[in-house]
Every structure is written in C-alpha cells, then in structure tokens.
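Colleague: Contents of upload_24.tsv (TSV, C-alpha atoms) are given next:
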chain	number	residue	atom	x	y	z
A	1	MET	CA	35.52	25.34	8.56
A	2	ARG	CA	34.37	22.56	10.83
A	3	GLU	CA	36.73	19.67	11.43
A	4	ARG	CA	35.56	16.15	12.07
A	5	ARG	CA	36.80	15.08	15.47
A	6	GLY	CA	37.90	11.68	16.69
A	7	VAL	CA	39.51	10.53	13.45
A	8	GLY	CA	43.16	9.62	13.92
A	9	ILE	CA	45.93	9.45	11.33
A	10	VAL	CA	45.32	5.73	10.80
A	11	GLY	CA	41.62	6.42	10.31
A	12	ARG	CA	42.38	9.11	7.74
A	13	ARG	CA	44.62	6.75	5.82
A	14	LEU	CA	41.94	4.05	5.80
A	15	VAL	CA	38.90	6.15	4.89
A	16	GLY	CA	39.95	7.00	1.33
A	17	PRO	CA	40.91	3.44	0.29
A	18	LEU	CA	37.78	1.99	1.92
A	19	LEU	CA	35.58	4.47	0.06
A	20	ALA	CA	37.28	3.73	-3.26
A	21	ILE	CA	37.15	-0.07	-2.83
A	22	SER	CA	33.48	0.12	-1.79
A	23	ALA	CA	32.80	2.15	-4.93
A	24	ALA	CA	34.54	-0.55	-6.96
A	25	LEU	CA	32.40	-3.30	-5.42
A	26	ALA	CA	29.19	-1.39	-6.09
A	27	PHE	CA	30.14	-0.72	-9.70
A	28	ALA	CA	31.30	-4.30	-10.27
A	29	LEU	CA	27.74	-5.56	-9.84
A	30	SER	CA	26.59	-3.53	-12.86
A	31	VAL	CA	28.85	-5.30	-15.39
A	32	PRO	CA	27.43	-8.86	-15.28
A	33	VAL	CA	23.89	-7.59	-14.73
A	34	SER	CA	24.17	-5.23	-17.71
A	35	LYS	CA	25.24	-8.14	-19.91
A	36	LEU	CA	22.10	-10.00	-18.89
A	37	LEU	CA	19.92	-6.95	-19.65
A	38	LEU	CA	21.52	-6.56	-23.10
A	39	ARG	CA	20.05	-9.89	-24.19
A	40	ASP	CA	16.74	-8.22	-25.06
A	41	THR	CA	17.46	-4.49	-24.64
A	42	SER	CA	19.47	-1.94	-26.65
A	43	GLN	CA	22.54	-0.31	-25.13
A	44	LEU	CA	20.89	3.12	-25.32
A	45	ALA	CA	18.00	1.87	-23.18
A	46	VAL	CA	20.27	0.11	-20.69
A	47	ALA	CA	22.58	3.12	-20.35
A	48	GLY	CA	19.69	5.53	-19.97
A	49	LEU	CA	17.88	3.43	-17.37
A	50	LEU	CA	21.02	2.71	-15.34
A	51	TYR	CA	21.91	6.38	-15.03
A	52	LEU	CA	18.32	7.47	-14.56
A	53	GLY	CA	18.06	4.96	-11.71
A	54	ALA	CA	21.18	6.49	-10.17
A	55	GLY	CA	19.77	10.01	-10.51
A	56	LEU	CA	16.38	9.08	-9.06
A	57	ALA	CA	17.90	7.18	-6.13
A	58	LEU	CA	20.14	10.12	-5.28
A	59	THR	CA	17.24	12.56	-5.60
A	60	LEU	CA	15.35	10.49	-3.03
A	61	TYR	CA	18.43	10.39	-0.81
A	62	ARG	CA	18.82	14.17	-0.93
A	63	LEU	CA	15.13	14.73	-0.21
A	64	VAL	CA	15.25	12.43	2.81
A	65	SER	CA	18.43	14.14	4.05
A	66	TRP	CA	16.86	17.58	3.59
A	67	ALA	CA	13.69	16.52	5.44
A	68	ALA	CA	15.76	15.10	8.30
A	69	ARG	CA	17.69	18.35	8.66
A	70	ARG	CA	14.46	20.34	8.59
A	71	ARG	CA	13.15	18.29	11.48
A	72	GLY	CA	16.37	18.89	13.36
A	73	SER	CA	17.21	15.20	13.42
A	74	GLY	CA	19.76	15.22	10.62
A	75	GLN	CA	23.27	14.57	11.84
A	76	GLY	CA	26.57	14.70	10.04
A	77	PRO	CA	28.11	16.82	7.31
A	78	THR	CA	26.28	18.92	4.78
A	79	GLU	CA	27.44	19.27	1.22
A	80	ALA	CA	29.89	21.96	0.22
A	81	ARG	CA	28.93	25.04	-1.72
A	82	VAL	CA	31.75	26.45	-3.81
A	83	SER	CA	31.58	30.20	-4.32
A	84	ARG	CA	34.23	30.60	-7.02
A	85	GLY	CA	33.49	30.28	-10.72
A	86	GLY	CA	29.91	28.98	-10.71
A	87	ALA	CA	29.78	28.93	-14.50
A	88	ARG	CA	33.10	27.11	-14.60
A	89	ASP	CA	31.78	24.43	-12.23
A	90	TRP	CA	28.82	23.86	-14.55
A	91	ALA	CA	31.19	23.63	-17.52
A	92	TRP	CA	33.28	20.96	-15.74
A	93	LEU	CA	30.09	19.08	-14.82
A	94	THR	CA	28.74	19.19	-18.38
A	95	ALA	CA	32.01	17.92	-19.85
A	96	ALA	CA	32.28	15.17	-17.21
A	97	THR	CA	28.69	14.08	-17.88
A	98	LEU	CA	29.11	13.91	-21.65
A	99	SER	CA	32.36	11.95	-21.44
A	100	GLY	CA	31.78	9.64	-18.48
A	101	ALA	CA	28.02	9.29	-18.22
A	102	VAL	CA	26.97	9.37	-21.89
A	103	GLY	CA	29.83	8.36	-24.18
A	104	ALA	CA	31.67	5.86	-21.98
A	105	PRO	CA	28.64	3.73	-20.96
A	106	LEU	CA	27.49	3.40	-24.57
A	107	LEU	CA	30.93	2.18	-25.64
A	108	LEU	CA	31.11	-0.22	-22.69
A	109	LEU	CA	27.66	-1.67	-23.34
A	110	TRP	CA	28.33	-2.07	-27.07
A	111	GLY	CA	31.57	-3.87	-26.30
A	112	LEU	CA	29.91	-5.91	-23.57
A	113	ARG	CA	27.32	-7.19	-26.04
A	114	VAL	CA	30.01	-8.93	-28.12
A	115	THR	CA	32.58	-9.68	-25.40
A	116	ALA	CA	32.59	-12.24	-22.59
A	117	GLY	CA	31.68	-10.73	-19.23
A	118	ALA	CA	34.89	-11.70	-17.46
A	119	THR	CA	37.04	-10.40	-20.32
A	120	ALA	CA	35.14	-7.12	-20.45
A	121	SER	CA	35.45	-6.78	-16.69
A	122	LEU	CA	39.25	-7.06	-16.72
A	123	LEU	CA	39.50	-4.60	-19.61
A	124	LEU	CA	38.00	-2.01	-17.28
A	125	SER	CA	41.44	-1.87	-15.64
A	126	PHE	CA	42.35	0.54	-18.43
A	127	GLU	CA	40.29	3.22	-16.67
A	128	ALA	CA	42.96	3.74	-14.02
A	129	VAL	CA	45.65	3.91	-16.71
A	130	PHE	CA	43.82	6.52	-18.73
A	131	THR	CA	43.06	8.49	-15.57
A	132	ALA	CA	46.79	8.73	-14.91
A	133	LEU	CA	47.57	9.60	-18.53
A	134	TRP	CA	44.95	12.35	-18.65
A	135	ALA	CA	46.12	13.65	-15.26
A	136	ALA	CA	49.72	13.85	-16.47
A	137	GLY	CA	49.00	15.15	-19.97
A	138	LEU	CA	46.19	17.66	-19.45
A	139	PHE	CA	46.31	18.56	-15.78
A	140	LYS	CA	50.10	18.33	-15.22
A	141	GLU	CA	49.66	16.05	-12.21
A	142	HIS	CA	52.77	14.27	-10.97
A	143	VAL	CA	52.86	10.63	-12.08
A	144	ALA	CA	55.53	8.38	-10.55
A	145	ALA	CA	57.55	5.66	-12.24
A	146	GLN	CA	55.33	2.94	-10.73
A	147	VAL	CA	52.37	4.28	-12.69
A	148	TRP	CA	54.23	3.99	-15.99
A	149	GLY	CA	55.08	0.39	-15.07
A	150	ALA	CA	51.37	-0.16	-14.43
A	151	VAL	CA	50.59	1.28	-17.87
A	152	LEU	CA	52.83	-1.34	-19.49
A	153	ALA	CA	51.33	-4.18	-17.42
A	154	VAL	CA	47.73	-3.19	-18.18
A	155	THR	CA	48.53	-2.76	-21.87
A	156	ALA	CA	50.07	-6.24	-22.02
A	157	GLY	CA	47.03	-7.68	-20.25
A	158	GLY	CA	44.73	-5.83	-22.61
A	159	VAL	CA	46.51	-7.27	-25.63
A	160	LEU	CA	45.95	-10.79	-24.28
A	161	LEU	CA	42.27	-10.06	-23.69
A	162	GLY	CA	41.70	-8.23	-26.95
A	163	LEU	CA	43.21	-10.73	-29.39
A	164	GLU	CA	40.76	-12.50	-31.69
A	165	ARG	CA	41.26	-16.24	-31.39
A	166	SER	CA	38.66	-17.52	-33.85
A	167	GLY	CA	39.88	-16.08	-37.14
A	168	GLY	CA	43.63	-15.78	-36.81
A	169	TRP	CA	45.50	-12.72	-35.55
A	170	GLY	CA	43.42	-9.62	-35.00
A	171	VAL	CA	41.94	-7.35	-32.37
A	172	SER	CA	38.41	-7.63	-31.07
A	173	LEU	CA	36.29	-4.56	-31.87
A	174	GLY	CA	34.36	-5.16	-28.68
A	175	ALA	CA	37.56	-4.97	-26.65
A	176	LEU	CA	38.58	-1.76	-28.43
A	177	ALA	CA	35.18	-0.21	-27.65
A	178	ILE	CA	35.58	-1.03	-23.95
A	179	VAL	CA	39.10	0.45	-23.91
A	180	ALA	CA	37.77	3.59	-25.61
A	181	GLY	CA	35.08	3.81	-22.96
A	182	CYS	CA	37.78	3.57	-20.29
A	183	ALA	CA	39.58	6.50	-21.94
A	184	LEU	CA	36.43	8.59	-21.58
A	185	TRP	CA	35.98	7.49	-17.96
A	186	GLY	CA	39.59	8.46	-17.26
A	187	LEU	CA	38.86	11.93	-18.63
A	188	ASP	CA	35.66	12.06	-16.58
A	189	ASN	CA	37.58	11.23	-13.39
A	190	ASN	CA	39.90	14.18	-13.91
A	191	LEU	CA	37.09	16.55	-14.82
A	192	THR	CA	35.07	15.45	-11.79
A	193	ARG	CA	38.04	16.23	-9.55
A	194	ASN	CA	37.54	19.91	-10.40
A	195	ILE	CA	33.97	19.86	-9.06
A	196	ALA	CA	34.38	17.38	-6.20
A	197	ALA	CA	33.81	20.15	-3.64
A	198	LEU	CA	30.23	20.57	-4.89
A	199	GLY	CA	29.31	17.48	-2.89
A	200	PRO	CA	29.29	13.86	-4.02
A	201	SER	CA	25.55	13.34	-4.05
A	202	THR	CA	25.03	16.62	-5.94
A	203	VAL	CA	27.53	15.64	-8.64
A	204	ALA	CA	26.23	12.09	-8.93
A	205	GLN	CA	22.57	13.16	-8.93
A	206	LEU	CA	23.03	15.74	-11.69
A	207	LYS	CA	25.16	13.40	-13.80
A	208	GLY	CA	22.70	10.55	-13.39
A	209	LEU	CA	19.59	12.57	-14.27
A	210	ALA	CA	21.29	14.31	-17.21
A	211	ALA	CA	22.85	11.16	-18.67
A	212	GLY	CA	19.69	9.12	-18.20
A	213	THR	CA	17.57	11.75	-19.91
A	214	VAL	CA	20.01	12.22	-22.81
A	215	ASN	CA	20.34	8.50	-23.51
A	216	LEU	CA	16.60	7.86	-23.37
A	217	LEU	CA	15.92	10.84	-25.67
A	218	LEU	CA	18.48	9.43	-28.11
A	219	LEU	CA	16.69	6.08	-27.89
A	220	LEU	CA	13.38	7.69	-28.86
A	221	ALA	CA	15.05	9.78	-31.57
A	222	VAL	CA	16.34	6.67	-33.37
A	223	GLY	CA	12.95	4.97	-33.13
A	224	GLY	CA	13.76	2.67	-30.23
A	225	SER	CA	11.48	1.66	-27.40
A	226	LEU	CA	11.77	0.75	-23.74
A	227	PRO	CA	12.11	-2.92	-22.76
A	228	PRO	CA	9.41	-4.77	-20.77
A	229	TRP	CA	8.69	-3.33	-17.32
A	230	PRO	CA	10.55	-6.07	-15.40
A	231	SER	CA	13.71	-5.13	-17.30
A	232	VAL	CA	13.04	-1.41	-16.75
A	233	LEU	CA	12.70	-1.90	-13.00
A	234	SER	CA	15.76	-4.14	-12.85
A	235	ALA	CA	17.89	-1.57	-14.69
A	236	LEU	CA	16.64	1.27	-12.46
A	237	VAL	CA	17.45	-0.69	-9.28
A	238	VAL	CA	20.89	-1.72	-10.54
A	239	GLY	CA	21.59	1.86	-11.58
A	240	GLY	CA	20.57	3.19	-8.18
A	241	LEU	CA	22.80	0.72	-6.34
A	242	SER	CA	25.79	0.34	-8.67
A	243	TYR	CA	26.02	3.75	-10.33
A	244	GLY	CA	24.46	6.03	-7.73
A	245	VAL	CA	26.16	4.61	-4.64
A	246	SER	CA	29.40	4.01	-6.54
A	247	LEU	CA	29.58	7.61	-7.79
A	248	VAL	CA	29.01	9.04	-4.32
A	249	LEU	CA	31.69	6.84	-2.80
A	250	PHE	CA	34.10	7.59	-5.65
A	251	VAL	CA	33.73	11.38	-5.38
A	252	GLN	CA	34.11	11.13	-1.59
A	253	ALA	CA	37.33	9.18	-2.11
A	254	LEU	CA	38.64	11.89	-4.46
A	255	ARG	CA	38.75	14.28	-1.49
A	256	TYR	CA	41.15	11.99	0.35
A	257	LEU	CA	43.24	10.50	-2.45
A	258	GLY	CA	43.11	12.56	-5.63
A	259	SER	CA	42.10	11.23	-9.04
A	260	THR	CA	45.05	8.91	-9.76
A	261	ARG	CA	45.10	7.15	-6.38
A	262	THR	CA	41.31	6.87	-6.18
A	263	SER	CA	41.22	5.18	-9.57
A	264	ALA	CA	44.07	2.90	-8.50
A	265	TYR	CA	41.99	1.51	-5.65
A	266	PHE	CA	38.91	1.57	-7.86
A	267	GLY	CA	40.92	-0.72	-10.13
A	268	ALA	CA	39.89	-3.63	-7.90
A	269	GLY	CA	36.43	-3.37	-9.47
A	270	PRO	CA	37.32	-5.27	-12.67
A	271	PHE	CA	38.53	-8.26	-10.63
A	272	PHE	CA	35.32	-8.30	-8.59
A	273	ALA	CA	33.26	-8.03	-11.78
A	274	ALA	CA	35.25	-10.79	-13.51
A	275	VAL	CA	34.66	-13.21	-10.64
A	276	ILE	CA	30.93	-12.39	-10.55
A	277	SER	CA	30.70	-12.79	-14.34
A	278	LEU	CA	32.37	-16.21	-14.22
A	279	VAL	CA	30.00	-17.33	-11.47
A	280	ILE	CA	26.93	-16.16	-13.39
A	281	ALA	CA	28.15	-17.75	-16.65
A	282	ARG	CA	29.15	-20.93	-14.78
A	283	SER	CA	32.42	-21.03	-16.66
A	284	TYR	CA	36.08	-21.45	-15.80
A	285	PRO	CA	38.80	-18.88	-16.56
A	286	THR	CA	41.03	-19.55	-19.57
A	287	LEU	CA	44.83	-19.41	-19.41
A	288	SER	CA	44.90	-16.08	-21.26
A	289	LEU	CA	42.30	-14.66	-18.87
A	290	LEU	CA	44.35	-15.76	-15.86
A	291	ALA	CA	47.55	-14.34	-17.37
A	292	ALA	CA	45.83	-11.03	-18.08
A	293	ALA	CA	44.40	-10.96	-14.56
A	294	VAL	CA	47.90	-11.42	-13.10
A	295	LEU	CA	49.29	-8.58	-15.24
A	296	MET	CA	46.45	-6.26	-14.26
A	297	LEU	CA	46.80	-7.22	-10.61
A	298	VAL	CA	50.47	-6.27	-10.84
A	299	ALA	CA	49.42	-2.97	-12.40
A	300	THR	CA	46.96	-2.31	-9.60
A	301	VAL	CA	49.58	-3.03	-6.93
A	302	LEU	CA	52.05	-0.71	-8.65
A	303	MET	CA	49.53	2.13	-8.77
A	304	VAL	CA	48.46	1.65	-5.17
A	305	SER	CA	52.10	1.63	-4.01
A	306	GLU	CA	52.84	4.91	-5.80
A	307	GLN	CA	54.06	7.48	-3.28
A	308	HIS	CA	52.47	10.91	-3.75
A	309	VAL	CA	55.46	13.02	-2.71
A	310	HIS	CA	56.20	16.20	-4.61
A	311	GLU	CA	55.92	19.94	-4.34
A	312	HIS	CA	52.62	21.36	-5.52
A	313	GLU	CA	50.18	24.20	-4.99
A	314	HIS	CA	46.41	24.33	-4.56
A	315	ASP	CA	44.45	27.12	-6.23
A	316	GLY	CA	42.45	29.34	-3.94
A	317	ALA	CA	38.83	28.40	-3.28
A	318	THR	CA	36.14	29.41	-0.85
A	319	HIS	CA	34.05	26.52	0.40
A	320	ALA	CA	32.46	25.06	3.50
A	321	HIS	CA	32.28	21.37	4.27
A	322	TRP	CA	33.34	18.73	6.77
A	323	HIS	CA	37.03	18.29	6.12
A	324	VAL	CA	39.52	15.63	7.16
A	325	PRO	CA	43.02	16.53	5.95
A	326	ASP	CA	45.14	13.49	5.20
A	327	ALA	CA	48.73	13.16	6.29
A	328	GLU	CA	50.03	14.49	2.97
A	329	HIS	CA	47.70	17.48	2.50
A	330	ARG	CA	47.45	19.21	5.87
A	331	HIS	CA	47.04	22.82	4.93
A	332	VAL	CA	45.17	25.96	5.87
A	333	HIS	CA	42.05	26.97	3.93
So that I can check it, write out the structure of this file as structure tokens.

Modeller:
Amino acid sequence: MRERRGVGIVGRRLVGPLLAISAALAFALSVPVSKLLLRDTSQLAVAGLLYLGAGLALTLYRLVSWAARRRGSGQGPTEARVSRGGARDWAWLTAATLSGAVGAPLLLLWGLRVTAGATASLLLSFEAVFTALWAAGLFKEHVAAQVWGAVLAVTAGGVLLGLERSGGWGVSLGALAIVAGCALWGLDNNLTRNIAALGPSTVAQLKGLAAGTVNLLLLLAVGGSLPPWPSVLSALVVGGLSYGVSLVLFVQALRYLGSTRTSAYFGAGPFFAAVISLVIARSYPTLSLLAAAVLMLVATVLMVSEQHVHEHEHDGATHAHWHVPDAEHRHVH
C-alpha cells in the first residue's frame, strides 16, 4: 500500500468535507437546469441524457488518464482493484444503478415537472435522512441521537413543503415523488459504499453508461423520441458536469467519511439548488419555504455535528490504492 505523503491531520479532516460539498455544488446545478429541460422533453429522455452525459464524460476522462500514464506523464493515484468477491461487487453495482441512477432520477424529474424548483430542491434534503435510515436498518451502522433529531427536522420541513395550498389540506404528489426518489438515492448511497474501493470514476462511469442506456431504451420502448439537438447537447453537458463530476467527488468522499457523514455534507446541495432556482425563476421565497429551509438547515447541522465514535470492525479485503487514513480510522490493511 502506498501512502500519500505531506497530508497532515488537519488536511485529512478537510479533504472529505470539501469533496462532499463540491459534489453537492456540482449536483445542485442539475436541478434548475433539469426543470428548464422538462418544458419540452420527457423525464425519460432527460434522465437518460443526463446519465449518458456523465458516462461519456467519465469515459473520456479515463481514456485521457490511461493515455497519460502510458506516456509516463501521468501523476497521482491509480484506481483500486478489489480482489475479493468480483461477482458480489457487480451485484452491488447493479443494485445501486437500478435504485439511484434509474428509479430515483425518474421520480425526481416527474416530481420536478409539477413542483417549484426551490421547493423540489429543499425536498432533496430527505436523501441524507434516508441514507441514515437505510444505514441503520439494513447495514447496522451506528446512528447517533443527533441524526434522529435531524430526521424529525427534515420531516417537519418536508411537511411544510409538501402541503397543497390551492385546494385545501392535502399532500402534493410531486413532493411525494421527490421524497420517494430520495429514499432510492439513500439506498444507492449505502450500496455504493460497498463498491467504493473499485474507484470513483469506474463506479460513476459504469452507472452513468448503464442508466443512460436503460432510460433511453425505455424511452424508445414507449414510443418516445429524443428532443431537438440543442436540448440533447445541453442535457449531455449538464450530465457530464453535474452527475459525472458529482458522483466522482461523492464516492471519493465516502472513503474519508462513510455514507452517513458524506450525505450529511452533501445535504448542502438542496440549499445551493434552491437559491439557483429562485434566481432563475426571478422569484422571492415564501414564508413556508423559508421556514422549511431553516428546519432543514438545522437538520444538516445536526448530522454534520454527529460524532462517529463507537466500536466496529472492518471486513477483510485485498486492494491497492492511494490511501489517507483519517483520524478515526487509522488501521492496518
């Protein structure tokens, strides 16, 4: 194992959060832009093109990196290759792709079509909540009291955002679809944790190409068609920047923080997206939107302040990659 030199304890503590927040910023751009694309394009087409753009961009990135290494000019870490359970890694990847790169985007885009951009953006805060719930329920990960407080705060904020205000009391179906998409993304985050050692660009590339292909095949199967070429190119570019770059940064952050903490920092994304959506729509936030934003900000702070202190074990694995152990997980491989 090769260790990266020259990175102090402070640097280690900063790298993970910076990666996760950068991933949140990159993803935030996709929400308001996707709403614009949905004006004349189906959600199947938008989802397929966004993820295909991510897959193609990462394929180009990997080819350039490979060519640089072949010339002897490539510097920096190479991606890990995990030797244990190859079939199991592919099973994790398939499940993560179906939940987070096929099902979740379709639910988000359907909800986004009938929901204001800023409202939809804040509802994405549920992703961190569902990540923690899946981690505790399925993967037996320790979840501190602060996280349960965050669950209550996000739920209260979601109720404010999801209430129908035009026809009396009721819940917006668009809001429910976005929350359901967040549940699938939370599952995806936990599944991706099990294959994070494959390398972030490998995971993101395969998920992007697979999800893009599946969604576009579904579009053709139901008799749909691609939008005009300007919209196609726009979606591919946004997918490459917002989904491709965001996925790489997110999986990198998983190595430092784990799934719950990474998603806690990634929770800043909805606030970035809400601000961008308001600017694009040239509108002002309502009182309920501001109240929900405060509740979800409280939830984000609670999750970020959660202290990951407990006894735990890591299963054995054989892998080779550049490794920076953080202050809480210094151990021998």

Colleague: Find the spatial neighbours of Ala135 of chain A, counting all atoms listed in the file, within a cut-off of 12 Å - ignore same-chain residues fewer than 2 positions away - and output them as JSON, numbers by chain.

Modeller: {"A": [128, 129, 130, 131, 132, 133, 137, 138, 139, 140, 141, 142, 143, 144, 147, 183, 186, 187, 188, 189, 190, 191, 192, 193, 194, 258, 259, 260, 261, 263]}

Colleague: Neighbouring residues of Leu249 of chain A were defined as those with any atom within 9 Å, considering only C-alpha atoms; residues of the same chain fewer than 6 positions away were excluded. Please report them as JSON, numbers by chain.

Modeller: {"A": [19, 20, 21, 22, 23, 24, 200]}

Colleague: Name all residues at most 7 Å from Leu108 of chain A (count all atoms listed in the file; drop same-chain ones fewer than 4 positions away) and give them as a list of chain:residue names.

Modeller: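 So the residues in contact are A:Ala104, A:Leu112, A:Ala177, A:Ile178, A:Gly181.
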
Colleague: Write to file, as a PDB file, in the coordinates of the input, the residues of the selection just made, with C-alpha atoms.

Modeller:
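What follows is the written file selection.pdb:
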ATOM      1  CA  ALA A 104      31.670   5.860 -21.980  1.00  0.00           C
ATOM      2  CA  LEU A 112      29.910  -5.910 -23.570  1.00  0.00           C
ATOM      3  CA  ALA A 177      35.180  -0.210 -27.650  1.00  0.00           C
ATOM      4  CA  ILE A 178      35.580  -1.030 -23.950  1.00  0.00           C
ATOM      5  CA  GLY A 181      35.080   3.810 -22.960  1.00  0.00           C
TER       6      GLY A 181
END

Colleague: Please measure the separation of atom CA of Thr300 of chain A and atom CA of Ser121 of chain A, giving the value in Å to one decimal.

Modeller: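 Between atom CA of Thr300 of chain A and atom CA of Ser121 of chain A the gap is 14.2 Å.
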
Colleague: Please provide as number ranges by chain all residues within 10 Å of Val114 of chain A, with the sequence filter that same-chain residues fewer than 5 positions apart are discarded (counting all atoms listed in the file).

Modeller: A: 35, 109, 120, 172-175

Colleague: The residues within 12 Å of (29.4, -9.0, -18.3), using only C-alpha atoms and the coordinates of the file, should be reported as JSON, numbers by chain; which are they?

Modeller: {"A": [27, 28, 29, 30, 31, 32, 33, 34, 35, 36, 37, 38, 39, 108, 109, 110, 111, 112, 113, 114, 115, 116, 117, 118, 119, 120, 121, 122, 123, 124, 178, 270, 271, 272, 273, 274, 275, 276, 277, 278, 279, 280, 281]}

Colleague: Select, counting all atoms listed in the file, all protein, DNA and RNA residues no farther than 12 Å from (51.4, -6.4, -11.9) in file coordinates, and express the selection as a ChimeraX atom specification.

Modeller: /A:125,146-157,291-305

Colleague: Pick out the residues sitting within 12 Å of Ala204 of chain A, and hand them over as a compact mmCIF listing (two decimals) with C-alpha atoms, in the frame of the given file; count only C-alpha atoms, and ignore anything fewer than 5 positions along from it in its own chain.

Modeller:
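Listing of selection.txt after writing:
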# COMPACT_ATOMS: atom_id res chain seq x y z
CA TYR A 51 21.91 6.38 -15.03
CA LEU A 52 18.32 7.47 -14.56
CA GLY A 53 18.06 4.96 -11.71
CA ALA A 54 21.18 6.49 -10.17
CA GLY A 55 19.77 10.01 -10.51
CA LEU A 56 16.38 9.08 -9.06
CA ALA A 57 17.90 7.18 -6.13
CA LEU A 58 20.14 10.12 -5.28
CA THR A 59 17.24 12.56 -5.60
CA TYR A 61 18.43 10.39 -0.81
CA ARG A 62 18.82 14.17 -0.93
CA LEU A 93 30.09 19.08 -14.82
CA ALA A 96 32.28 15.17 -17.21
CA THR A 97 28.69 14.08 -17.88
CA GLY A 100 31.78 9.64 -18.48
CA ALA A 101 28.02 9.29 -18.22
CA THR A 192 35.07 15.45 -11.79
CA ILE A 195 33.97 19.86 -9.06
CA ALA A 196 34.38 17.38 -6.20
CA LEU A 198 30.23 20.57 -4.89
CA GLY A 199 29.31 17.48 -2.89
CA LEU A 209 19.59 12.57 -14.27
CA ALA A 210 21.29 14.31 -17.21
CA ALA A 211 22.85 11.16 -18.67
CA GLY A 212 19.69 9.12 -18.20
CA GLY A 239 21.59 1.86 -11.58
CA GLY A 240 20.57 3.19 -8.18
CA SER A 242 25.79 0.34 -8.67
CA TYR A 243 26.02 3.75 -10.33
CA GLY A 244 24.46 6.03 -7.73
CA VAL A 245 26.16 4.61 -4.64
CA SER A 246 29.40 4.01 -6.54
CA LEU A 247 29.58 7.61 -7.79
CA VAL A 248 29.01 9.04 -4.32
CA LEU A 249 31.69 6.84 -2.80
CA PHE A 250 34.10 7.59 -5.65
CA VAL A 251 33.73 11.38 -5.38
CA GLN A 252 34.11 11.13 -1.59

Colleague: May I ask for the distance between atom CA of Leu254 of chain A and atom CA of Leu18 of chain A, given in Å to one decimal place?

Modeller: 11.8 Å
